[in-house]
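Structure record follows, encoded as structure tokens.
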Amino acid sequence: AALGAIDSEARAIAMRVAEVERLALARDAQFDRESRKPYRVTGNIAVIEIDGVLVHKGGWLDAACGFVGYNYLLSIFEEASHDPDVRGIWVDMNSPGGAVAGLFEFVSELAELTAAAGGKPIHAWVNEMACSAGYAVLSVCDKAYGPITATVGSIGCIATTKTINRALDSAGVDVEVFRSRPRKARGGPLEAMDDETRASIQRSVDMADDLLAELVAAARGISLASIDEMAGDAFEGREALSQGLLDGIMSEREAWAQLERRVEKSKNGNRRAA
């Protein structure tokens, strides 16, 4: 009986692992059935989905864990940008933000692929969130649209730490840290935070914030003073539009039609040039 119970539990675990693997492979399995490309193509428009928390380098568990790697996204955007069958790129965005690591390199590369930089038009649709690092990505697209319930902004950076030294003290656990240099590995959870470490972490957060604010200001044509006034808050719908964070509030169908018209115009221009 005991062996039977173990066998049943093993089968259950195997089934759960298999399900995770199927989810993990789901993103890699997304492709246009006819063209076999890693994005859907509709009427010369490539559809790229950004759904989840943004991280520096994604892995095979991305889809199961809700992460999207900047490295993965860049490879997809570059392929669509060089695809002769694609004349425009539609970004379906739903992200609360993510990591600073890798963000600025990615958005710099993405900005070089936009129509504003001589590439193909990249229009983004907020479905339903583009905040923090997600908004950084949205900001460099040629156009950014969303529904009345779209939530965007949260322009700022955050870092969190936790210490468990008092809990360890209460439990009678002594921890000693031996360092070769006085500032090595400060800010760990096993010892109390000192003022110098606290100030160092704050400087790092402020530096990342400066980079993010400058990026958004340049990409969206918003003053740094206006971004300061936003105070890191997120905004919805018409308020986001009034802040200059979106180019329009409309239905997805209307936003798609905007890109379609732009693509058609470019096609007609090429025909006249020919």
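In the structure tokens, chains take the letters A, B, ... in the order shown, each chain's residues start at 1, and ligands count up from 1 in the order shown.
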
Show me, as a tab-separated table, the residues of region 174-242 of chain A having an atom within 12 Å of region 250-271 of chain A, each with the closest atom pair and its distance in Å, using only C-alpha atoms.
```
residue	atom	partner	partner_atom	distance
A:Gly237	CA	A:Met250	CA	9.6
A:Arg238	CA	A:Met250	CA	10.3
A:Leu241	CA	A:Met250	CA	11.0
```

Emit the selected residues as a short mmCIF file (atom, residue, chain, number, x, y, z; two decimals), in the first residue's frame, including all heavy atoms.
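Output below, filename selection-v6.cif:
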```
data_model
loop_
_atom_site.label_atom_id
_atom_site.label_comp_id
_atom_site.auth_asym_id
_atom_site.auth_seq_id
_atom_site.Cartn_x
_atom_site.Cartn_y
_atom_site.Cartn_z
N GLY A 237 -6.35 55.87 -18.29
CA GLY A 237 -7.18 56.47 -19.32
C GLY A 237 -6.91 57.91 -19.67
O GLY A 237 -5.80 58.29 -20.05
N ARG A 238 -7.93 58.74 -19.52
CA ARG A 238 -7.85 60.14 -19.95
C ARG A 238 -6.80 60.93 -19.17
O ARG A 238 -6.19 61.86 -19.71
CB ARG A 238 -9.22 60.81 -19.83
CG ARG A 238 -10.25 60.27 -20.81
CD ARG A 238 -11.50 61.11 -20.85
NE ARG A 238 -12.45 60.59 -21.82
CZ ARG A 238 -13.40 59.72 -21.53
NH1 ARG A 238 -13.54 59.29 -20.28
NH2 ARG A 238 -14.23 59.27 -22.45
N LEU A 241 -3.61 60.28 -20.78
CA LEU A 241 -3.55 61.03 -22.04
C LEU A 241 -3.19 62.49 -21.76
O LEU A 241 -2.35 63.07 -22.46
CB LEU A 241 -4.90 60.93 -22.76
CG LEU A 241 -5.00 61.59 -24.14
CD1 LEU A 241 -4.05 60.92 -25.12
CD2 LEU A 241 -6.44 61.52 -24.66
#
```

Which polymer residues have any atom within 8 Å of an atom of Phe235 (chain A), counting only C-alpha atoms, with same-chain residues fewer than 4 positions away left out, as number ranges by chain? A: 151-154, 239-240

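Ranking A:Tyr39, A:Leu138, A:Ser95, A:Val86 by their shortest atom-to-atom distance to Gly52 (chain A), with only C-alpha atoms included, puts A:Ser95 first.
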
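Distance annotation: of A:Gly172, A:Gly146, A:Gly43, A:Gly59, the residue with the minimal separation from Val126 (chain A) is A:Gly146; atom set is only C-alpha atoms.
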
Got a sec: who's within 6 Å of region 200-210 of chain A, counting only C-alpha atoms, leaving out chain neighbours fewer than 2 positions off, as a PDB file with N, CA and C atoms, in the first residue's frame?
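Writing done, so here's out-v1.pdb:
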```pdb
ATOM      1  N   GLY A 156       9.609  55.496 -12.295  1.00  0.00           N
ATOM      2  CA  GLY A 156      10.455  55.536 -11.114  1.00  0.00           C
ATOM      3  C   GLY A 156      11.055  54.174 -10.855  1.00  0.00           C
ATOM      4  N   CYS A 157      11.917  54.106  -9.872  1.00  0.00           N
ATOM      5  CA  CYS A 157      12.593  52.841  -9.550  1.00  0.00           C
ATOM      6  C   CYS A 157      12.460  52.539  -8.068  1.00  0.00           C
ATOM      7  N   THR A 197      25.366  51.748   3.981  1.00  0.00           N
ATOM      8  CA  THR A 197      24.768  50.830   3.010  1.00  0.00           C
ATOM      9  C   THR A 197      23.425  51.361   2.536  1.00  0.00           C
ATOM     10  N   ARG A 198      22.647  51.890   3.478  1.00  0.00           N
ATOM     11  CA  ARG A 198      21.345  52.459   3.137  1.00  0.00           C
ATOM     12  C   ARG A 198      21.502  53.594   2.117  1.00  0.00           C
ATOM     13  N   LEU A 212      15.839  56.576 -16.248  1.00  0.00           N
ATOM     14  CA  LEU A 212      14.483  56.299 -16.708  1.00  0.00           C
ATOM     15  C   LEU A 212      13.746  57.588 -17.051  1.00  0.00           C
ATOM     16  N   ALA A 213      13.851  58.586 -16.185  1.00  0.00           N
ATOM     17  CA  ALA A 213      13.174  59.863 -16.427  1.00  0.00           C
ATOM     18  C   ALA A 213      13.701  60.519 -17.699  1.00  0.00           C
TER      19      ALA A 213
END
```

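Every protein, DNA or RNA residue with an atom at most 12 Å from Glu229 (chain A), where only C-alpha atoms count and chain neighbours fewer than 3 positions away do not, is listed here: Ser154, Ile155, Gly156, Ala213, Ile222, Ser223, Leu224, Ala225, Ser226, Gly232, Asp233, Ala234 and Gln243 of chain A.
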
Excluding same-chain residues fewer than 6 positions from region 99-113 of chain A, what lies within 9 Å of it counting only C-alpha atoms, as a PyMOL selection string? chain A and resi 53-57+69-71+73-74+77-78+81+119-122+133+136-137+139-142+157+208+211-212+215+219

Region 21-269 of chain A: residues DSSP assigns to alpha helix (DSSP H), reported as number ranges by chain: A: 21-26, 62-65, 70-82, 103-111, 133-139, 165-170, 195-220, 224-230, 237-242, 252-269

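Between Leu168 (chain A) and the residues A:Ser132, A:Glu236, A:Pro189, A:Pro182, the shortest atom-to-atom distance, using only C-alpha atoms, involves A:Pro189.
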
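Note that the spacing between CA of Leu245 (chain A) and CA of Cys131 (chain A) amounts to 10.6 Å.
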